[in-house]
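Engineer: final17.cif is reproduced in full below (mmCIF, C-alpha atoms).
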```
data_upload
loop_
_atom_site.label_atom_id
_atom_site.label_comp_id
_atom_site.auth_asym_id
_atom_site.auth_seq_id
_atom_site.Cartn_x
_atom_site.Cartn_y
_atom_site.Cartn_z
CA MET I 1 0.00 0.00 0.00
CA PRO I 2 1.48 3.42 -0.88
CA ASN I 3 2.41 5.77 1.95
CA LEU I 4 -0.17 8.61 1.97
CA ASN I 5 1.34 10.55 4.86
CA PRO I 6 1.22 14.23 3.74
CA GLU I 7 4.51 15.03 5.43
CA ASN I 8 6.28 12.19 3.63
CA THR I 9 4.69 13.19 0.34
CA MET I 10 5.75 16.81 0.79
CA ALA I 11 9.25 15.81 1.70
CA SER I 12 9.45 13.69 -1.43
CA ALA I 13 8.02 16.45 -3.60
CA ASN I 14 10.49 18.99 -2.28
CA GLY I 15 13.36 16.61 -2.80
CA GLU I 16 14.40 16.79 0.83
CA LYS I 17 16.59 14.05 2.19
CA ARG I 18 15.47 12.21 5.27
CA LYS I 19 17.91 12.05 8.15
CA PRO I 20 19.56 8.62 8.11
CA SER I 21 18.86 6.33 11.03
CA PHE I 22 21.34 6.00 13.88
CA ALA I 23 22.25 2.49 12.70
CA ALA I 24 22.89 3.74 9.17
CA ARG I 25 25.14 6.52 10.47
CA LEU I 26 27.24 4.03 12.43
CA ARG I 27 27.50 1.46 9.65
CA SER I 28 30.79 2.61 8.10
CA SER I 29 32.60 3.15 11.43
CA ALA I 30 31.36 -0.23 12.70
CA LEU I 31 32.70 -1.82 9.52
CA ALA I 32 36.07 -0.12 10.10
CA LEU I 33 36.04 -1.51 13.64
CA VAL I 34 35.43 -5.04 12.39
CA VAL I 35 38.22 -4.69 9.82
CA ALA I 36 40.64 -3.54 12.56
CA ASN I 37 39.69 -6.56 14.63
CA LEU I 38 40.73 -8.78 11.73
CA ALA I 39 44.34 -7.97 12.65
CA PRO I 40 44.50 -10.45 15.57
CA LEU I 41 42.60 -12.95 13.41
CA TYR I 42 45.40 -12.72 10.85
CA GLY I 43 47.87 -12.99 13.72
CA VAL I 44 46.30 -16.26 14.83
CA LEU I 45 45.88 -17.81 11.39
CA GLY I 46 48.88 -16.35 9.56
CA LEU I 47 51.49 -15.59 12.20
CA GLY I 48 50.82 -18.27 14.77
CA TRP I 49 49.80 -15.92 17.58
CA LYS I 50 48.70 -17.47 20.86
CA VAL I 51 46.97 -15.83 23.81
CA ALA I 52 49.89 -13.59 24.87
CA PRO I 53 50.32 -11.63 21.60
CA ILE I 54 46.56 -11.22 21.31
CA LEU I 55 46.26 -9.71 24.77
CA VAL I 56 49.27 -7.45 24.24
CA PHE I 57 47.61 -6.27 21.02
CA TYR I 58 44.38 -5.54 22.90
CA TRP I 59 46.38 -3.69 25.55
CA MET I 60 47.95 -1.53 22.84
CA GLU I 61 44.46 -0.47 21.82
CA ASN I 62 44.23 1.29 25.19
CA LEU I 63 46.91 3.70 23.98
CA VAL I 64 44.90 4.50 20.87
CA VAL I 65 41.69 4.92 22.87
CA GLY I 66 43.44 7.23 25.33
CA PHE I 67 44.92 9.37 22.55
CA PHE I 68 41.57 9.91 20.85
CA ASN I 69 39.87 10.51 24.18
CA VAL I 70 42.23 13.43 24.73
CA LEU I 71 41.19 14.79 21.33
CA LYS I 72 37.53 14.33 22.27
CA MET I 73 37.96 16.07 25.61
CA SER I 74 39.67 18.95 23.81
CA ARG I 75 36.80 19.34 21.34
CA ALA I 76 33.70 18.45 23.41
CA GLN I 77 31.20 21.29 23.87
CA GLY I 78 28.49 19.62 25.97
CA PRO I 79 27.55 20.88 29.46
CA VAL I 80 29.73 19.94 32.42
CA GLY I 81 27.69 21.38 35.29
CA ASP I 82 25.68 18.20 35.91
CA THR I 83 28.74 16.00 36.50
CA HIS I 84 29.45 17.29 40.03
CA MET I 85 33.09 16.33 39.47
CA ILE I 86 35.79 17.58 41.85
CA LEU I 87 39.40 18.22 40.80
CA ASN I 88 42.00 19.48 43.30
CA GLY I 89 39.24 20.29 45.76
CA LYS I 90 37.32 22.46 43.29
CA ARG I 91 34.20 21.84 41.23
CA VAL I 92 34.94 21.09 37.59
CA THR I 93 33.61 23.83 35.31
CA GLY I 94 34.05 24.82 31.71
CA ASN I 95 37.33 26.48 32.66
CA SER I 96 38.76 23.21 34.01
CA ARG I 97 39.26 21.59 30.60
CA LYS I 98 43.05 21.83 30.35
CA SER I 99 43.61 20.78 33.96
CA LEU I 100 41.30 17.79 33.59
CA ILE I 101 42.97 16.72 30.34
CA ARG I 102 46.39 16.83 32.00
CA PHE I 103 45.09 14.83 34.94
CA PHE I 104 43.53 12.28 32.56
CA ILE I 105 46.84 11.79 30.73
CA PHE I 106 48.64 11.25 34.04
CA HIS I 107 46.03 9.01 35.64
CA TYR I 108 45.20 6.97 32.53
CA GLY I 109 48.90 6.58 31.78
CA ILE I 110 49.58 5.07 35.21
CA PHE I 111 46.54 2.83 34.96
CA THR I 112 47.51 1.63 31.49
CA PHE I 113 51.09 0.94 32.56
CA GLY I 114 49.83 -1.15 35.48
CA HIS I 115 47.61 -3.05 33.05
CA LEU I 116 50.65 -3.79 30.87
CA ILE I 117 52.65 -5.11 33.84
CA PHE I 118 49.75 -7.38 34.72
CA VAL I 119 49.43 -8.76 31.18
CA MET I 120 53.20 -9.28 30.80
CA ALA I 121 53.48 -11.03 34.18
CA LEU I 122 50.47 -13.25 33.59
CA PHE I 123 51.07 -14.27 29.96
CA SER I 124 54.81 -13.59 29.37
CA PRO I 125 55.01 -12.97 25.60
CA ASP I 126 58.57 -13.74 24.47
CA ARG I 127 58.58 -13.62 20.66
CA LYS I 128 61.29 -11.30 19.35
CA ASP I 129 59.40 -10.50 16.16
CA LEU I 130 56.26 -9.55 18.05
CA ILE I 131 57.01 -5.80 18.13
CA ALA I 132 57.00 -5.46 14.33
CA GLU I 133 53.86 -7.57 14.01
CA LEU I 134 52.03 -5.60 16.69
CA GLY I 135 53.17 -2.33 15.16
CA MET I 136 51.39 -3.13 11.90
CA ALA I 137 48.29 -4.22 13.81
CA LEU I 138 48.39 -0.98 15.82
CA LEU I 139 48.18 1.00 12.58
CA ALA I 140 44.90 -0.77 11.78
CA LEU I 141 43.52 0.11 15.21
CA SER I 142 44.61 3.74 14.85
CA ALA I 143 42.94 4.00 11.45
CA SER I 144 39.69 2.54 12.80
CA HIS I 145 39.48 4.80 15.86
CA GLY I 146 40.62 7.79 13.82
CA TYR I 147 37.87 7.20 11.27
CA SER I 148 35.25 6.89 14.02
CA TYR I 149 36.49 10.11 15.62
CA ARG I 150 36.33 12.04 12.36
CA HIS I 151 33.16 10.45 11.00
CA ASN I 152 31.02 10.27 14.14
CA PHE I 153 32.38 12.55 16.84
CA ILE I 154 33.21 15.46 14.53
CA GLY I 155 31.31 14.78 11.31
CA ARG I 156 28.03 13.81 12.99
CA GLY I 157 28.26 16.53 15.60
CA GLU I 158 28.57 14.26 18.63
CA TYR I 159 31.06 16.69 20.16
CA LEU I 160 28.21 19.19 20.58
CA ASN I 161 26.51 16.92 23.14
CA ALA I 162 29.59 15.35 24.74
CA SER I 163 30.89 16.68 28.06
CA PHE I 164 34.67 16.69 28.50
CA ALA I 165 34.13 15.86 32.19
CA ARG I 166 32.10 12.75 31.37
CA LEU I 167 34.57 11.76 28.67
CA PHE I 168 37.22 11.52 31.39
CA PHE I 169 35.64 8.27 32.61
CA GLN I 170 34.72 6.74 29.27
CA PRO I 171 37.96 4.75 28.57
CA TYR I 172 37.92 3.26 32.06
CA LYS I 173 34.44 1.82 31.57
CA ARG I 174 35.61 0.20 28.35
CA MET I 175 38.82 -1.07 29.92
CA PHE I 176 37.12 -2.69 32.92
CA ALA I 177 34.28 -4.29 30.98
CA MET I 178 36.26 -5.50 28.00
CA HIS I 179 39.65 -6.41 29.38
CA LEU I 180 38.40 -8.17 32.48
CA THR I 181 36.34 -10.43 30.21
CA ILE I 182 39.18 -10.93 27.73
CA ILE I 183 41.80 -11.68 30.39
CA VAL I 184 39.57 -14.19 32.19
CA CYS I 185 38.81 -15.92 28.89
CA GLY I 186 42.49 -15.74 27.91
CA VAL I 187 43.50 -17.55 31.09
CA GLN I 188 40.97 -20.27 30.33
CA VAL I 189 42.17 -20.64 26.74
CA GLN I 190 45.81 -20.82 27.85
CA SER I 191 45.04 -23.42 30.50
CA HIS I 192 43.54 -25.68 27.82
CA GLY I 193 46.59 -25.59 25.56
CA GLU I 194 45.53 -22.63 23.38
CA PRO I 195 43.64 -24.59 20.70
CA LEU I 196 42.96 -22.74 17.45
CA GLY I 197 39.19 -22.81 17.91
CA ALA I 198 39.39 -21.23 21.35
CA LEU I 199 41.72 -18.49 20.06
CA LEU I 200 39.25 -17.67 17.29
CA VAL I 201 36.41 -17.53 19.82
CA LEU I 202 38.47 -15.13 21.92
CA VAL I 203 38.95 -12.81 18.94
CA ALA I 204 35.26 -13.05 18.01
CA LEU I 205 34.21 -12.28 21.59
CA LYS I 206 36.35 -9.16 21.72
CA THR I 207 34.97 -7.99 18.36
CA LEU I 208 31.41 -8.44 19.61
CA ILE I 209 32.14 -6.50 22.82
CA ASP I 210 33.76 -3.78 20.70
CA LEU I 211 30.67 -3.43 18.50
CA VAL I 212 28.30 -3.25 21.47
CA SER I 213 30.52 -0.65 23.19
CA HIS I 214 30.76 1.31 19.94
CA TRP I 215 26.98 1.37 19.62
CA LEU I 216 26.38 2.46 23.22
CA GLU I 217 29.09 5.13 23.17
CA HIS I 218 27.80 6.86 20.06
CA LYS I 219 24.15 6.40 21.01
CA LYS I 220 24.85 8.46 24.13
CA HIS I 221 26.25 11.41 22.16
CA ALA I 222 23.99 11.19 19.10
CA SER I 223 22.01 14.31 18.33
#
```
Please, can you express the file's structure as structure tokens?
Structural biologist:
Amino acid sequence: MPNLNPENTMASANGEKRKPSFAARLRSSALALVVANLAPLYGVLGLGWKVAPILVFYWMENLVVGFFNVLKMSRAQGPVGDTHMILNGKRVTGNSRKSLIRFFIFHYGIFTFGHLIFVMALFSPDRKDLIAELGMALLALSASHGYSYRHNFIGRGEYLNASFARLFFQPYKRMFAMHLTIIVCGVQVQSHGEPLGALLVLVALKTLIDLVSHWLEHKKHAS
């Protein structure tokens, strides 16, 4: 049955474009995210990666996430008054941006370093050629997060609704939820001899968590 809604008919007659759905707007950045997550899949199938290189690769993504979070905090224009955040004994306001960014770099850097020590102590990666392999994989991650930043946060105007104070906490939520799951699963996979099937499941699980986190993050800032 044809759509007889006058508003739809008028829009069609005037040649106006309808605003794409939220899912449609995220499609290209989600695809870039999936492509980036193919890097550890190639590592498993083509380079013989086991649990340790995979988890070091996922740790390296924290560096990329932190870098782009600094860019987001620098650009965000959403209100900060409702966060009730305290920094150095004072309420965080719009004038606290630079101080909060510096504190984020310091605090997130320490937290990320502690995470690295934990991963290295628990899984002990010892392949000498791992640095070069992970470096190439890191480029894929950087391209994916960079595209999402440019396409969604800037291009879709998410920065207009995002608060730099709330962005301070965003990487930590991702780190706790994702890496706790991945590390627990990684320990289980390693304890069973690191079979290929289990390694592939680990990569697939992380990709799924990534997509869900990606959806929720951008849904929050969508206009």
Engineer: Using the chain letters and numbering of this document, enumerate as a tab-separated table (two decimals) with C-alpha atoms, keeping the file's coordinate frame the residues selected by the PyMOL selection byres ((chain I and resi 163) around 9).
Structural biologist:
```tsv
chain	number	residue	atom	x	y	z
I	73	MET	CA	37.96	16.07	25.61
I	76	ALA	CA	33.70	18.45	23.41
I	77	GLN	CA	31.20	21.29	23.87
I	78	GLY	CA	28.49	19.62	25.97
I	79	PRO	CA	27.55	20.88	29.46
I	80	VAL	CA	29.73	19.94	32.42
I	83	THR	CA	28.74	16.00	36.50
I	159	TYR	CA	31.06	16.69	20.16
I	160	LEU	CA	28.21	19.19	20.58
I	161	ASN	CA	26.51	16.92	23.14
I	162	ALA	CA	29.59	15.35	24.74
I	164	PHE	CA	34.67	16.69	28.50
I	165	ALA	CA	34.13	15.86	32.19
I	166	ARG	CA	32.10	12.75	31.37
I	167	LEU	CA	34.57	11.76	28.67
I	168	PHE	CA	37.22	11.52	31.39
```
Engineer: Find the axis-aligned box for region 82-98 of chain I, covering all its listed atoms and adding 5 Å on each side, and write its centre and edge lengths in Å to one decimal as JSON.
Structural biologist:
```
{"center_x": 34.4, "center_y": 21.2, "center_z": 38.1, "size_x": 27.4, "size_y": 20.5, "size_z": 25.4}
```
Engineer: So that each row is one residue of region 121-185 of chain I with an atom at most 12 Å from region 204-215 of chain I, can you give its shortest atom pair and the distance in Å to one decimal, using all atoms listed in the file, rows by chain and rising number, as CSV?
Structural biologist:
```
residue,atom,partner,partner_atom,distance
I:Leu141,CA,I:Asp210,CA,11.9
I:Ser144,CA,I:His214,CA,11.5
I:His145,CA,I:His214,CA,10.2
I:Ser148,CA,I:His214,CA,9.3
I:Tyr149,CA,I:His214,CA,11.4
I:Asn152,CA,I:His214,CA,10.7
I:Phe153,CA,I:His214,CA,11.8
I:Gln170,CA,I:Ser213,CA,10.5
I:Pro171,CA,I:Ser213,CA,10.7
I:Lys173,CA,I:Ser213,CA,9.6
I:Arg174,CA,I:Ser213,CA,7.3
I:Met175,CA,I:Ser213,CA,10.7
I:Phe176,CA,I:Ile209,CA,11.9
I:Ala177,CA,I:Ile209,CA,8.7
I:Met178,CA,I:Ile209,CA,6.7
I:His179,CA,I:Lys206,CA,8.8
I:Leu180,CA,I:Lys206,CA,11.0
I:Thr181,CA,I:Lys206,CA,8.6
I:Ile182,CA,I:Lys206,CA,6.9
I:Ile183,CA,I:Lys206,CA,10.5
I:Cys185,CA,I:Leu205,CA,9.4
```
Engineer: Determine the nearest neighbour of Gly109 (chain I) from the options I:Leu47, I:Val56, I:Val70, I:Val35, counting all atoms listed in the file.
Structural biologist: I:Val70
Engineer: Would you list the contacts of region 188-199 of chain I as a list in words, taking every protein, DNA or RNA residue within 10 Å and counting only C-alpha atoms, but skipping same-chain residues closer than 3 positions in sequence?
Structural biologist: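 Skipping anything fewer than 3 positions along the chain leaves Pro40, Leu41, Val44, Leu45, Gly48, Trp49, Lys50, Val51, Ala52, Ile54, Phe123, Ile182, Ile183, Val184, Cys185, Leu202, Val203, Ala204 and Leu205 of chain I.
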Engineer: The PyMOL selection byres ((chain I and resi 111) around 12) - which residues does that actually catch in the file I just gave you? List them as an MDAnalysis selection string.
Structural biologist: chainID I and resid 59 62:63 66 104:110 112:118 171:172 175:176
Engineer: Rounded to one decimal, what separation in Å do you get between CA of Arg97 (chain I) and CA of His84 (chain I)?
Structural biologist: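 If I compute the distance from CA of Arg97 (chain I) to CA of His84 (chain I), I get 14.3 Å.
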Engineer: For Leu122 (chain I), which residue out of I:Ser74, I:Arg91, I:Lys98, I:Gly186 is the nearest one, using all atoms listed in the file?
Structural biologist: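 Ranked by minimum distance to Leu122 (chain I), first place goes to I:Gly186.
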Engineer: In Å, with one decimal, what is the gap from CA of Val34 (chain I) to CA of Val201 (chain I)?
Structural biologist: 14.6 Å
Engineer: CA of Thr93 (chain I) to CA of Gly81 (chain I): how many Å, to one decimal?
Structural biologist: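 Atom-to-atom, CA of Thr93 (chain I) to CA of Gly81 (chain I), that is 6.4 Å.
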Engineer: Using only C-alpha atoms, pick whichever of I:Ile86, I:Ile101, I:Val92, I:Val187 has the shortest atom-to-atom distance to Phe67 (chain I).
Structural biologist: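 Smallest distance to Phe67 (chain I) is found for I:Ile101.
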Engineer: Name the closest residue to Met85 (chain I) among the candidates I:Leu100, I:Leu71, I:Leu139, I:Ala32; distances are taken between atoms, counting only C-alpha atoms.
Structural biologist: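 Answer, going by the shortest atom-to-atom distance: I:Leu100.
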